[in-house]
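Here is upload-v1.pdb, consisting of PDB, C-alpha atoms:
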MODEL        1
ATOM      1  CA  MET A1286     -82.149-119.717 161.978
ATOM      2  CA  SER A1287     -79.205-118.107 163.689
ATOM      3  CA  ALA A1288     -79.040-117.565 167.456
ATOM      4  CA  GLY A1289     -79.618-113.866 166.912
ATOM      5  CA  ASP A1290     -82.895-114.598 165.118
ATOM      6  CA  GLU A1291     -84.374-116.884 167.782
ATOM      7  CA  TRP A1292     -87.381-116.036 169.943
ATOM      8  CA  CYS A1293     -87.155-116.979 173.605
ATOM      9  CA  LEU A1294     -89.865-118.231 175.924
ATOM     10  CA  ILE A1295     -91.372-115.461 178.030
ATOM     11  CA  GLU A1296     -93.482-115.631 181.147
ATOM     12  CA  SER A1297     -97.249-115.295 180.886
ATOM     13  CA  ASP A1298     -97.751-112.232 183.078
ATOM     14  CA  PRO A1299     -99.806-109.041 182.609
ATOM     15  CA  GLY A1300     -96.873-106.891 183.705
ATOM     16  CA  VAL A1301     -94.603-108.494 181.118
ATOM     17  CA  PHE A1302     -97.098-108.106 178.288
ATOM     18  CA  THR A1303     -98.011-104.538 179.214
ATOM     19  CA  GLU A1304     -94.363-103.450 179.206
ATOM     20  CA  LEU A1305     -93.868-105.330 175.934
ATOM     21  CA  LEU A1306     -96.596-103.197 174.362
ATOM     22  CA  GLU A1307     -95.057-100.038 175.808
ATOM     23  CA  SER A1308     -91.629-100.967 174.457
ATOM     24  CA  LEU A1309     -93.225-101.154 171.000
ATOM     25  CA  GLY A1310     -94.550 -97.620 171.442
ATOM     26  CA  CYS A1311     -98.173 -98.569 172.153
ATOM     27  CA  GLU A1312     -99.456 -96.579 175.128
ATOM     28  CA  GLN A1313    -103.157 -97.312 174.707
ATOM     29  CA  GLY A1314    -103.363-100.791 176.189
ATOM     30  CA  GLN A1315    -102.570-102.888 179.206
ATOM     31  CA  LEU A1316    -103.246-106.477 180.207
ATOM     32  CA  GLU A1317    -105.169-107.734 183.197
ATOM     33  CA  GLU A1318    -105.434-111.284 184.462
ATOM     34  CA  LEU A1319    -109.010-112.546 184.695
ATOM     35  CA  TRP A1320    -110.088-114.827 187.510
ATOM     36  CA  SER A1321    -113.744-114.808 186.516
ATOM     37  CA  LEU A1322    -115.797-114.206 183.378
ATOM     38  CA  ASP A1323    -118.929-112.893 185.098
ATOM     39  CA  ASP A1324    -120.390-109.581 183.894
ATOM     40  CA  GLU A1325    -119.424-107.668 187.039
ATOM     41  CA  THR A1326    -115.760-108.661 186.793
ATOM     42  CA  LEU A1327    -115.562-107.814 183.102
ATOM     43  CA  ALA A1328    -117.295-104.464 183.555
ATOM     44  CA  ALA A1329    -114.724-103.466 186.195
ATOM     45  CA  HIS A1330    -111.994-103.461 183.527
ATOM     46  CA  GLY A1331    -113.567-100.792 181.348
ATOM     47  CA  GLU A1332    -113.045-101.040 177.602
ATOM     48  CA  ILE A1333    -111.854-104.536 176.617
ATOM     49  CA  PHE A1334    -110.170-104.911 173.226
ATOM     50  CA  GLY A1335    -109.752-108.679 173.283
ATOM     51  CA  LEU A1336    -109.042-111.784 175.337
ATOM     52  CA  ILE A1337    -105.893-113.903 175.345
ATOM     53  CA  PHE A1338    -106.291-117.541 176.346
ATOM     54  CA  LEU A1339    -103.262-119.614 177.349
ATOM     55  CA  PHE A1340    -103.773-123.357 177.475
ATOM     56  CA  GLN A1341    -101.813-126.577 177.557
ATOM     57  CA  TRP A1342    -101.591-127.709 173.981
ATOM     58  CA  GLN A1343    -102.363-131.381 173.463
ATOM     59  CA  ARG A1344    -102.131-133.359 170.280
ATOM     60  CA  ALA A1345    -105.546-134.690 169.304
ATOM     61  CA  GLU A1346    -105.726-138.391 170.047
ATOM     62  CA  LYS A1347    -108.200-141.099 169.242
ATOM     63  CA  GLY A1348    -110.962-141.113 171.806
ATOM     64  CA  SER A1349    -110.391-137.510 172.865
ATOM     65  CA  THR A1350    -113.425-135.837 174.455
ATOM     66  CA  ALA A1351    -112.527-132.438 173.001
ATOM     67  CA  LYS A1352    -115.324-130.838 171.056
ATOM     68  CA  ALA A1353    -114.668-130.634 167.315
ATOM     69  CA  LYS A1354    -113.454-127.190 166.383
ATOM     70  CA  LYS A1355    -115.326-125.028 163.935
ATOM     71  CA  PRO A1356    -113.803-124.828 160.460
ATOM     72  CA  CYS A1357    -111.303-122.114 159.681
ATOM     73  CA  LEU A1358    -112.026-119.410 157.149
ATOM     74  CA  ALA A1359    -110.235-119.796 153.853
ATOM     75  CA  GLU A1360    -107.863-117.034 152.844
ATOM     76  CA  ASP A1361    -110.408-115.492 150.451
ATOM     77  CA  GLN A1362    -113.055-115.569 153.224
ATOM     78  CA  VAL A1363    -111.090-113.485 155.725
ATOM     79  CA  PRO A1364    -112.924-110.136 156.121
ATOM     80  CA  GLU A1365    -111.112-107.054 154.923
ATOM     81  CA  GLY A1366    -109.382-105.322 157.808
ATOM     82  CA  LEU A1367    -109.126-108.433 160.008
ATOM     83  CA  PHE A1368    -105.488-108.995 160.899
ATOM     84  CA  PHE A1369    -104.619-112.692 161.012
ATOM     85  CA  ALA A1370    -101.120-114.143 160.780
ATOM     86  CA  HIS A1371     -99.771-117.660 160.738
ATOM     87  CA  GLN A1372     -97.244-118.441 163.441
ATOM     88  CA  VAL A1373     -94.023-119.331 161.677
ATOM     89  CA  THR A1374     -91.650-118.876 164.623
ATOM     90  CA  THR A1375     -91.309-121.073 167.700
ATOM     91  CA  ASN A1376     -92.041-119.335 171.032
ATOM     92  CA  ALA A1377     -93.621-116.281 169.377
ATOM     93  CA  CYS A1378     -97.261-117.168 170.136
ATOM     94  CA  ALA A1379     -97.538-114.887 173.198
ATOM     95  CA  THR A1380     -96.454-111.770 171.326
ATOM     96  CA  GLN A1381     -98.430-112.819 168.266
ATOM     97  CA  ALA A1382    -101.627-113.176 170.329
ATOM     98  CA  ILE A1383    -101.148-109.650 171.716
ATOM     99  CA  LEU A1384    -100.549-108.294 168.214
ATOM    100  CA  SER A1385    -103.645-110.131 166.985
ATOM    101  CA  VAL A1386    -105.698-108.104 169.450
ATOM    102  CA  MET A1387    -104.038-104.698 169.099
ATOM    103  CA  LEU A1388    -103.672-104.744 165.293
ATOM    104  CA  ASN A1389    -107.436-105.293 165.002
ATOM    105  CA  GLN A1390    -108.221-102.057 166.874
ATOM    106  CA  ASP A1391    -108.809 -98.585 165.486
ATOM    107  CA  LEU A1392    -106.285 -97.038 167.844
ATOM    108  CA  GLU A1393    -103.114 -95.000 167.798
ATOM    109  CA  LEU A1394    -100.613 -97.834 168.186
ATOM    110  CA  GLY A1395     -97.404 -95.833 168.004
ATOM    111  CA  PRO A1396     -94.968 -95.551 165.076
ATOM    112  CA  THR A1397     -93.680 -99.141 165.145
ATOM    113  CA  LEU A1398     -97.021-100.949 165.140
ATOM    114  CA  ASN A1399     -98.783 -98.374 162.939
ATOM    115  CA  GLU A1400     -96.097 -98.794 160.281
ATOM    116  CA  PHE A1401     -96.194-102.580 160.619
ATOM    117  CA  LYS A1402     -99.998-102.640 160.310
ATOM    118  CA  GLU A1403     -99.967-100.478 157.174
ATOM    119  CA  PHE A1404     -97.062-102.389 155.617
ATOM    120  CA  THR A1405     -98.683-105.817 156.069
ATOM    121  CA  ALA A1406    -102.293-104.819 155.352
ATOM    122  CA  SER A1407    -102.411-106.566 151.974
ATOM    123  CA  PHE A1408    -100.276-109.569 152.960
ATOM    124  CA  PRO A1409    -101.731-113.102 153.153
ATOM    125  CA  PRO A1410    -101.603-114.784 156.605
ATOM    126  CA  SER A1411     -98.410-116.705 155.836
ATOM    127  CA  LEU A1412     -96.554-113.556 154.805
ATOM    128  CA  LYS A1413     -97.895-111.645 157.807
ATOM    129  CA  GLY A1414     -96.374-114.378 159.982
ATOM    130  CA  VAL A1415     -93.037-114.026 158.217
ATOM    131  CA  ALA A1416     -93.223-110.254 158.684
ATOM    132  CA  ILE A1417     -93.685-110.684 162.453
ATOM    133  CA  SER A1418     -90.783-113.105 162.750
ATOM    134  CA  SER A1419     -88.589-110.816 160.637
ATOM    135  CA  SER A1420     -89.425-107.618 162.512
ATOM    136  CA  GLU A1421     -86.354-106.579 164.480
ATOM    137  CA  PRO A1422     -88.243-104.186 166.837
ATOM    138  CA  ILE A1423     -90.879-106.810 167.692
ATOM    139  CA  ARG A1424     -88.355-109.619 168.185
ATOM    140  CA  LYS A1425     -86.112-107.371 170.275
ATOM    141  CA  ALA A1426     -89.019-106.299 172.508
ATOM    142  CA  HIS A1427     -90.080-109.931 172.940
ATOM    143  CA  ASN A1428     -86.599-111.222 173.723
ATOM    144  CA  SER A1429     -85.931-108.447 176.238
ATOM    145  CA  PHE A1430     -87.981-110.529 178.717
ATOM    146  CA  GLY A1431     -85.955-113.699 178.206
ATOM    147  CA  ARG A1432     -83.899-115.278 180.969
ATOM    148  CA  GLN A1433     -80.298-114.138 180.606
ATOM    149  CA  ASP A1434     -78.388-116.778 182.534
ATOM    150  CA  ALA A1435     -76.225-119.826 182.243
ATOM    151  CA  PHE A1436     -79.159-122.237 182.406
ATOM    152  CA  LEU A1437     -80.413-121.385 178.940
ATOM    153  CA  ASN A1438     -80.027-124.262 176.523
ATOM    154  CA  ASP A1439     -80.054-123.257 172.862
ATOM    155  CA  GLY A1440     -82.296-120.313 173.692
ATOM    156  CA  LYS A1441     -84.814-122.464 175.579
ATOM    157  CA  PHE A1442     -85.291-122.188 179.332
ATOM    158  CA  VAL A1443     -85.416-125.574 180.989
ATOM    159  CA  SER A1444     -86.959-125.446 184.433
ATOM    160  CA  PRO A1445     -85.439-127.822 186.978
ATOM    161  CA  LEU A1446     -88.956-128.276 188.396
ATOM    162  CA  ARG A1447     -90.489-129.321 185.107
ATOM    163  CA  GLN A1448     -91.579-132.944 185.155
ATOM    164  CA  SER A1449     -92.737-133.182 181.549
ATOM    165  CA  ASP A1450     -92.455-131.532 178.181
ATOM    166  CA  ASP A1451     -95.733-129.621 178.544
ATOM    167  CA  VAL A1452     -96.352-127.240 175.673
ATOM    168  CA  PHE A1453     -98.504-124.150 176.147
ATOM    169  CA  HIS A1454    -100.071-122.004 173.452
ATOM    170  CA  PHE A1455    -101.758-118.593 173.233
ATOM    171  CA  VAL A1456    -104.822-117.729 171.162
ATOM    172  CA  ALA A1457    -106.734-114.457 170.899
ATOM    173  CA  TYR A1458    -110.460-113.689 170.856
ATOM    174  CA  VAL A1459    -111.418-110.391 169.229
ATOM    175  CA  PRO A1460    -114.582-108.711 167.964
ATOM    176  CA  LYS A1461    -114.689-107.338 164.433
ATOM    177  CA  GLY A1462    -117.907-105.835 163.188
ATOM    178  CA  ASN A1463    -120.621-107.949 164.789
ATOM    179  CA  THR A1464    -118.566-111.133 164.803
ATOM    180  CA  VAL A1465    -116.198-112.680 167.361
ATOM    181  CA  TYR A1466    -113.147-114.449 165.948
ATOM    182  CA  GLU A1467    -110.681-116.882 167.438
ATOM    183  CA  LEU A1468    -107.224-116.063 166.093
ATOM    184  CA  ASP A1469    -104.784-118.929 166.425
ATOM    185  CA  GLY A1470    -101.600-118.682 164.377
ATOM    186  CA  LEU A1471    -101.305-122.485 164.221
ATOM    187  CA  GLN A1472    -104.616-122.738 162.354
ATOM    188  CA  GLU A1473    -105.097-122.213 158.639
ATOM    189  CA  GLY A1474    -107.339-119.203 159.180
ATOM    190  CA  PRO A1475    -109.546-117.304 161.652
ATOM    191  CA  ILE A1476    -112.386-119.206 163.286
ATOM    192  CA  VAL A1477    -115.809-117.585 163.560
ATOM    193  CA  VAL A1478    -116.897-118.053 167.172
ATOM    194  CA  GLY A1479    -120.276-116.365 166.819
ATOM    195  CA  GLU A1480    -122.150-113.130 166.192
ATOM    196  CA  PHE A1481    -123.547-110.541 168.572
ATOM    197  CA  GLU A1482    -125.789-107.490 168.595
ATOM    198  CA  ASN A1483    -123.793-104.306 168.893
ATOM    199  CA  ASN A1484    -126.691-102.026 169.765
ATOM    200  CA  SER A1485    -127.412-102.983 173.389
ATOM    201  CA  ASN A1486    -128.899-100.013 175.228
ATOM    202  CA  ASP A1487    -130.020-101.719 178.415
ATOM    203  CA  GLY A1488    -127.084-100.268 180.366
ATOM    204  CA  LYS A1489    -126.132-103.722 181.631
ATOM    205  CA  THR A1490    -124.238-105.249 178.718
ATOM    206  CA  GLN A1491    -121.134-103.126 178.379
ATOM    207  CA  HIS A1492    -119.341-105.658 176.191
ATOM    208  CA  PRO A1493    -121.958-107.684 174.261
ATOM    209  CA  TRP A1494    -119.282-109.560 172.297
ATOM    210  CA  LEU A1495    -117.845-111.014 175.505
ATOM    211  CA  ALA A1496    -120.887-113.233 176.032
ATOM    212  CA  VAL A1497    -119.999-115.005 172.775
ATOM    213  CA  ALA A1498    -116.298-115.285 173.619
ATOM    214  CA  ARG A1499    -117.082-116.403 177.167
ATOM    215  CA  LYS A1500    -119.108-119.378 175.950
ATOM    216  CA  ALA A1501    -116.310-120.514 173.626
ATOM    217  CA  ILE A1502    -113.633-120.156 176.316
ATOM    218  CA  GLN A1503    -115.697-121.959 178.935
ATOM    219  CA  GLU A1504    -116.162-124.855 176.514
ATOM    220  CA  ARG A1505    -112.390-125.089 176.156
ATOM    221  CA  MET A1506    -111.909-124.901 179.921
ATOM    222  CA  THR A1507    -114.238-127.865 180.445
ATOM    223  CA  GLY A1508    -112.731-129.856 177.578
ATOM    224  CA  ASP A1509    -109.181-131.120 177.191
ATOM    225  CA  ALA A1510    -107.554-127.826 178.245
ATOM    226  CA  ILE A1511    -106.769-128.786 181.841
ATOM    227  CA  LYS A1512    -104.194-126.044 182.459
ATOM    228  CA  PHE A1513    -105.038-122.542 181.334
ATOM    229  CA  ASN A1514    -104.818-118.838 182.003
ATOM    230  CA  LEU A1515    -106.916-115.932 180.740
ATOM    231  CA  MET A1516    -106.039-112.278 180.297
ATOM    232  CA  ALA A1517    -107.924-109.283 178.969
ATOM    233  CA  VAL A1518    -106.338-106.653 176.754
ATOM    234  CA  VAL A1519    -107.924-103.444 178.027
ATOM    235  CA  LYS A1520    -107.531 -99.734 177.499
ATOM    236  CA  ASP A1521    -104.897 -98.208 179.782
ATOM    237  CA  LYS A1522    -106.985 -97.456 182.864
ATOM    238  CA  ARG A1523    -104.955 -94.353 183.665
ATOM    239  CA  ILE A1524    -106.289 -92.604 180.555
ATOM    240  CA  ALA A1525    -109.921 -92.612 181.746
ATOM    241  CA  LEU A1526    -108.931 -91.773 185.321
ATOM    242  CA  LYS A1527    -106.867 -88.765 184.237
ATOM    243  CA  SER A1528    -109.787 -87.561 182.124
ATOM    244  CA  GLN A1529    -112.055 -87.817 185.173
ATOM    245  CA  LEU A1530    -109.608 -85.790 187.240
ATOM    246  CA  ASP A1531    -109.291 -83.162 184.521
ATOM    247  CA  ALA A1532    -113.060 -82.744 184.631
ATOM    248  CA  ASN A1533    -113.245 -82.906 188.429
ATOM    249  CA  PRO A1534    -109.895 -82.454 190.225
ATOM    250  CA  SER A1535    -111.551 -83.095 193.603
ATOM    251  CA  ASP A1536    -112.733 -86.603 192.660
ATOM    252  CA  GLU A1537    -111.079 -88.541 195.470
ATOM    253  CA  THR A1538    -112.200 -91.928 194.159
ATOM    254  CA  ALA A1539    -110.568 -91.350 190.779
ATOM    255  CA  MET A1540    -107.470 -89.972 192.496
ATOM    256  CA  LEU A1541    -107.147 -93.082 194.665
ATOM    257  CA  GLN A1542    -107.700 -95.414 191.721
ATOM    258  CA  LEU A1543    -105.059 -93.565 189.692
ATOM    259  CA  GLN A1544    -102.569 -93.904 192.551
ATOM    260  CA  MET A1545    -103.296 -97.630 192.709
ATOM    261  CA  GLU A1546    -102.719 -97.978 188.958
ATOM    262  CA  GLU A1547     -99.416 -96.092 189.187
ATOM    263  CA  GLN A1548     -98.323 -98.288 192.099
ATOM    264  CA  LYS A1549     -99.208-101.379 190.078
ATOM    265  CA  ARG A1550     -97.100-100.133 187.165
ATOM    266  CA  ALA A1551     -94.182 -99.462 189.516
ATOM    267  CA  HIS A1552     -94.514-103.004 190.891
ATOM    268  CA  TRP A1553     -94.608-104.462 187.379
ATOM    269  CA  LYS A1554     -91.493-102.493 186.432
ATOM    270  CA  LEU A1555     -89.617-103.790 189.478
ATOM    271  CA  GLU A1556     -90.678-107.383 188.795
ATOM    272  CA  ASN A1557     -89.570-107.096 185.169
ATOM    273  CA  GLN A1558     -86.186-105.788 186.256
ATOM    274  CA  ARG A1559     -85.838-108.841 188.479
ATOM    275  CA  ARG A1560     -86.821-111.125 185.615
ATOM    276  CA  ARG A1561     -84.111-109.645 183.418
ATOM    277  CA  HIS A1562     -81.398-109.740 186.062
ATOM    278  CA  ASN A1563     -78.812-112.515 185.954
ATOM    279  CA  TYR A1564     -78.474-113.875 189.487
ATOM    280  CA  VAL A1565     -75.956-116.593 188.605
ATOM    281  CA  PRO A1566     -72.810-114.518 189.389
ATOM    282  CA  LEU A1567     -74.273-113.618 192.800
ATOM    283  CA  CYS A1568     -75.021-117.272 193.585
ATOM    284  CA  VAL A1569     -71.543-118.363 192.473
ATOM    285  CA  SER A1570     -69.932-115.677 194.646
ATOM    286  CA  MET A1571     -71.972-116.769 197.660
ATOM    287  CA  LEU A1572     -70.906-120.387 197.159
ATOM    288  CA  LYS A1573     -67.267-119.319 196.904
ATOM    289  CA  GLU A1574     -67.523-117.335 200.158
ATOM    290  CA  LEU A1575     -69.138-120.284 201.967
ATOM    291  CA  ALA A1576     -66.360-122.552 200.698
ATOM    292  CA  ARG A1577     -63.732-120.052 201.791
ATOM    293  CA  ALA A1578     -65.304-119.946 205.266
ATOM    294  CA  GLY A1579     -65.360-123.737 205.404
ATOM    295  CA  THR A1580     -69.142-123.948 205.863
ATOM    296  CA  LEU A1581     -70.227-124.966 202.362
ATOM    297  CA  LYS A1582     -70.324-128.702 203.104
ATOM    298  CA  LYS A1583     -72.357-128.095 206.266
ATOM    299  CA  HIS A1584     -74.941-126.006 204.393
ATOM    300  CA  MET A1585     -75.145-128.589 201.619
ATOM    301  CA  GLU A1586     -75.846-131.329 204.149
ATOM    302  CA  LEU A1587     -78.543-129.236 205.846
ATOM    303  CA  ALA A1588     -80.132-128.499 202.493
ATOM    304  CA  GLN A1589     -80.130-132.202 201.633
ATOM    305  CA  GLU A1590     -81.799-133.006 204.957
ATOM    306  CA  ARG A1591     -84.557-130.451 204.315
ATOM    307  CA  LYS A1592     -85.042-131.863 200.835
ATOM    308  CA  ASN A1593     -85.372-135.401 202.199
ATOM    309  CA  LYS A1594     -87.933-134.266 204.812
ATOM    310  CA  ARG A1595     -90.053-132.562 202.145
ATOM    311  CA  ALA A1596     -89.900-135.706 200.014
ATOM    312  CA  LYS A1597     -91.170-137.819 202.916
ATOM    313  CA  ASN A1598     -94.025-135.406 203.625
TER     314      ASN A1598
ENDMDL
END
Would you mind writing the structure in this file as structure tokens?
Amino acid sequence: MSAGDEWCLIESDPGVFTELLESLGCEQGQLEELWSLDDETLAAHGEIFGLIFLFQWQRAEKGSTAKAKKPCLAEDQVPEGLFFAHQVTTNACATQAILSVMLNQDLELGPTLNEFKEFTASFPPSLKGVAISSSEPIRKAHNSFGRQDAFLNDGKFVSPLRQSDDVFHFVAYVPKGNTVYELDGLQEGPIVVGEFENNSNDGKTQHPWLAVARKAIQERMTGDAIKFNLMAVVKDKRIALKSQLDANPSDETAMLQLQMEEQKRAHWKLENQRRRHNYVPLCVSMLKELARAGTLKKHMELAQERKNKRAKN
């Protein structure tokens, strides 16, 4: 694989993933980080399309306490209309998890994803994975969030703070029909998590499928997955708020919530600009100016002293 075909590591952040979707032309969704899986928290996010679970991947070892996973569906058992792709590209699991959620929705996804969904509809999982890795628009959108600086090594960001070669992986949980599936591109096929009733009229269960997904995720959280993060793929909250304001322009609550959503988007945009910016030339220039002023050695010694104090504490 040439350097131009590589996929970089990207940060697990709702602002990053939301802008990634927007760059692919999908304006229906956004991502929200979840700190709790209780009903009240989930209901506050409105319509939820799927969940994305990030966890520290660990090779199964003898004596592991991890609960045995359910068997994967064979290729001929995958329900018609369920999008599942094998991951064939390193570092693509974040984008692939997002696609696994959005491509299983009956939504207007924009020209790029609509065309991709139609083109790959009849493909087997392995070929769907190849199609993702070969898609120039998807790869370009993904790589636009990569670190563009001199500390990249063969396309892989190596953190100076990293103490081990921890590997993290993304999987998606989505409802289809009355069944919840775990979609993990490193598995042979989708995994049936469980079934749910889709006719709840008690006014309390807004997302009946989430009770099934919640149980599966909580089992993983209490197993061998000691480091994890959870995000919900939800409908763009501004859509519902704008509809409320169209119906009632004097709705101050909706107006305030819309302003908060717009401010959050502006903050995400600013943070993403900072992520993309290359600060190395600025740092080099500052070091040159300190050296020119004859104070570089002094600052280096002070920095070393602070480092030693932190190490002792």
Residue among A:Ala1517, A:Leu1306, A:Met1585, A:Met1540 lying closest to A:Leu1398, counting only C-alpha atoms: A:Leu1306
Picked residues, the PyMOL selection byres ((chain A and resi 1327) around 12), expected as number ranges by chain: A: 1317-1326, 1328-1336, 1489-1496, 1499, 1516-1519
Residues selected by the PyMOL selection byres ((chain A and resi 1454) around 10), written as a PyMOL selection string: chain A and resi 1338-1343+1376-1379+1382+1452-1453+1455-1456+1469-1471+1513
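Residues matching the PyMOL selection byres ((chain A and resi 1522) around 8) in this structure come to Gln1315, His1330, Gly1331, Val1519, Lys1520, Asp1521, Arg1523, Ile1524, Ala1525, Leu1526 and Glu1546 of chain A.
Picture a line from atom CA of A:Glu1291 to atom CA of A:Glu1400; it runs 22.8 Å.
For the set A:Val1478, A:Val1465, A:Ala1596, A:Leu1543, the residue with the smallest atom-to-atom gap to A:Glu1504 is A:Val1478, counting all atoms listed in the file.
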Residue nearest A:Trp1292 - candidates A:Met1506, A:Val1373, A:Ala1532, A:Ala1578, atoms counted: only C-alpha atoms: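 Checking each of A:Met1506, A:Val1373, A:Ala1532, A:Ala1578 against A:Trp1292, counting only C-alpha atoms, the winner is A:Val1373.
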Minimum-distance residue to A:Asn1483, chosen among A:Val1497, A:Ser1528, A:Arg1505, A:Gly1462 (using only C-alpha atoms):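 So, comparing all the options, the nearest one is A:Gly1462.
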Atomic separation - atom CA of A:Thr1303 relative to atom CA of A:Lys1500, Å: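 Going from atom CA of A:Lys1500 over to atom CA of A:Thr1303, I get 26.0 Å.
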Surrounding residues of A:Ala1539 excluding itself and chain neighbours under 3 positions, 8 Å, only C-alpha atoms, as a list in words: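 Returned residues: Leu1526, Lys1527, Gln1529, Leu1530, Asp1536, Gln1542 and Leu1543 of chain A.
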Non-local contacts of A:Phe1302 (10 Å; all atoms listed in the file; under 4 positions in same chain excluded) as a PyMOL selection string: chain A and resi 1295-1298+1306-1308+1314-1317+1379-1380+1383+1427+1430+1518
Ref. answer, residues at most 9 Å from (-126.3, -107.6, 165.7) with all atoms listed in the file, as a PyMOL selection string: chain A and resi 1462-1464+1480-1484
Let me have the centre and edge lengths in Å, one decimal, of the box along x, y and z around every listed atom of stretch 1424-1427 of chain A with 8 Å of margin on each side, as JSON.
{"center_x": -88.1, "center_y": -108.1, "center_z": 170.6, "size_x": 20.0, "size_y": 19.6, "size_z": 20.8}
Point-to-point distance from atom CA of A:Arg1591 to atom CA of A:Met1571, Å rounded to tenths: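 Between atom CA of A:Arg1591 and atom CA of A:Met1571 the gap is 19.7 Å.
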Neighbour list for A:Leu1388 as an MDAnalysis selection string, cut-off 10 Å, all atoms listed in the file, skip fewer than 4 positions in-chain: chainID A and resid 1366:1369 1383:1384 1392 1394 1398:1399 1401:1403
From A:Met1545, A:Val1569, A:Ala1426, A:Ile1502, residue lying nearest A:Val1301 [all atoms listed in the file]: A:Ala1426
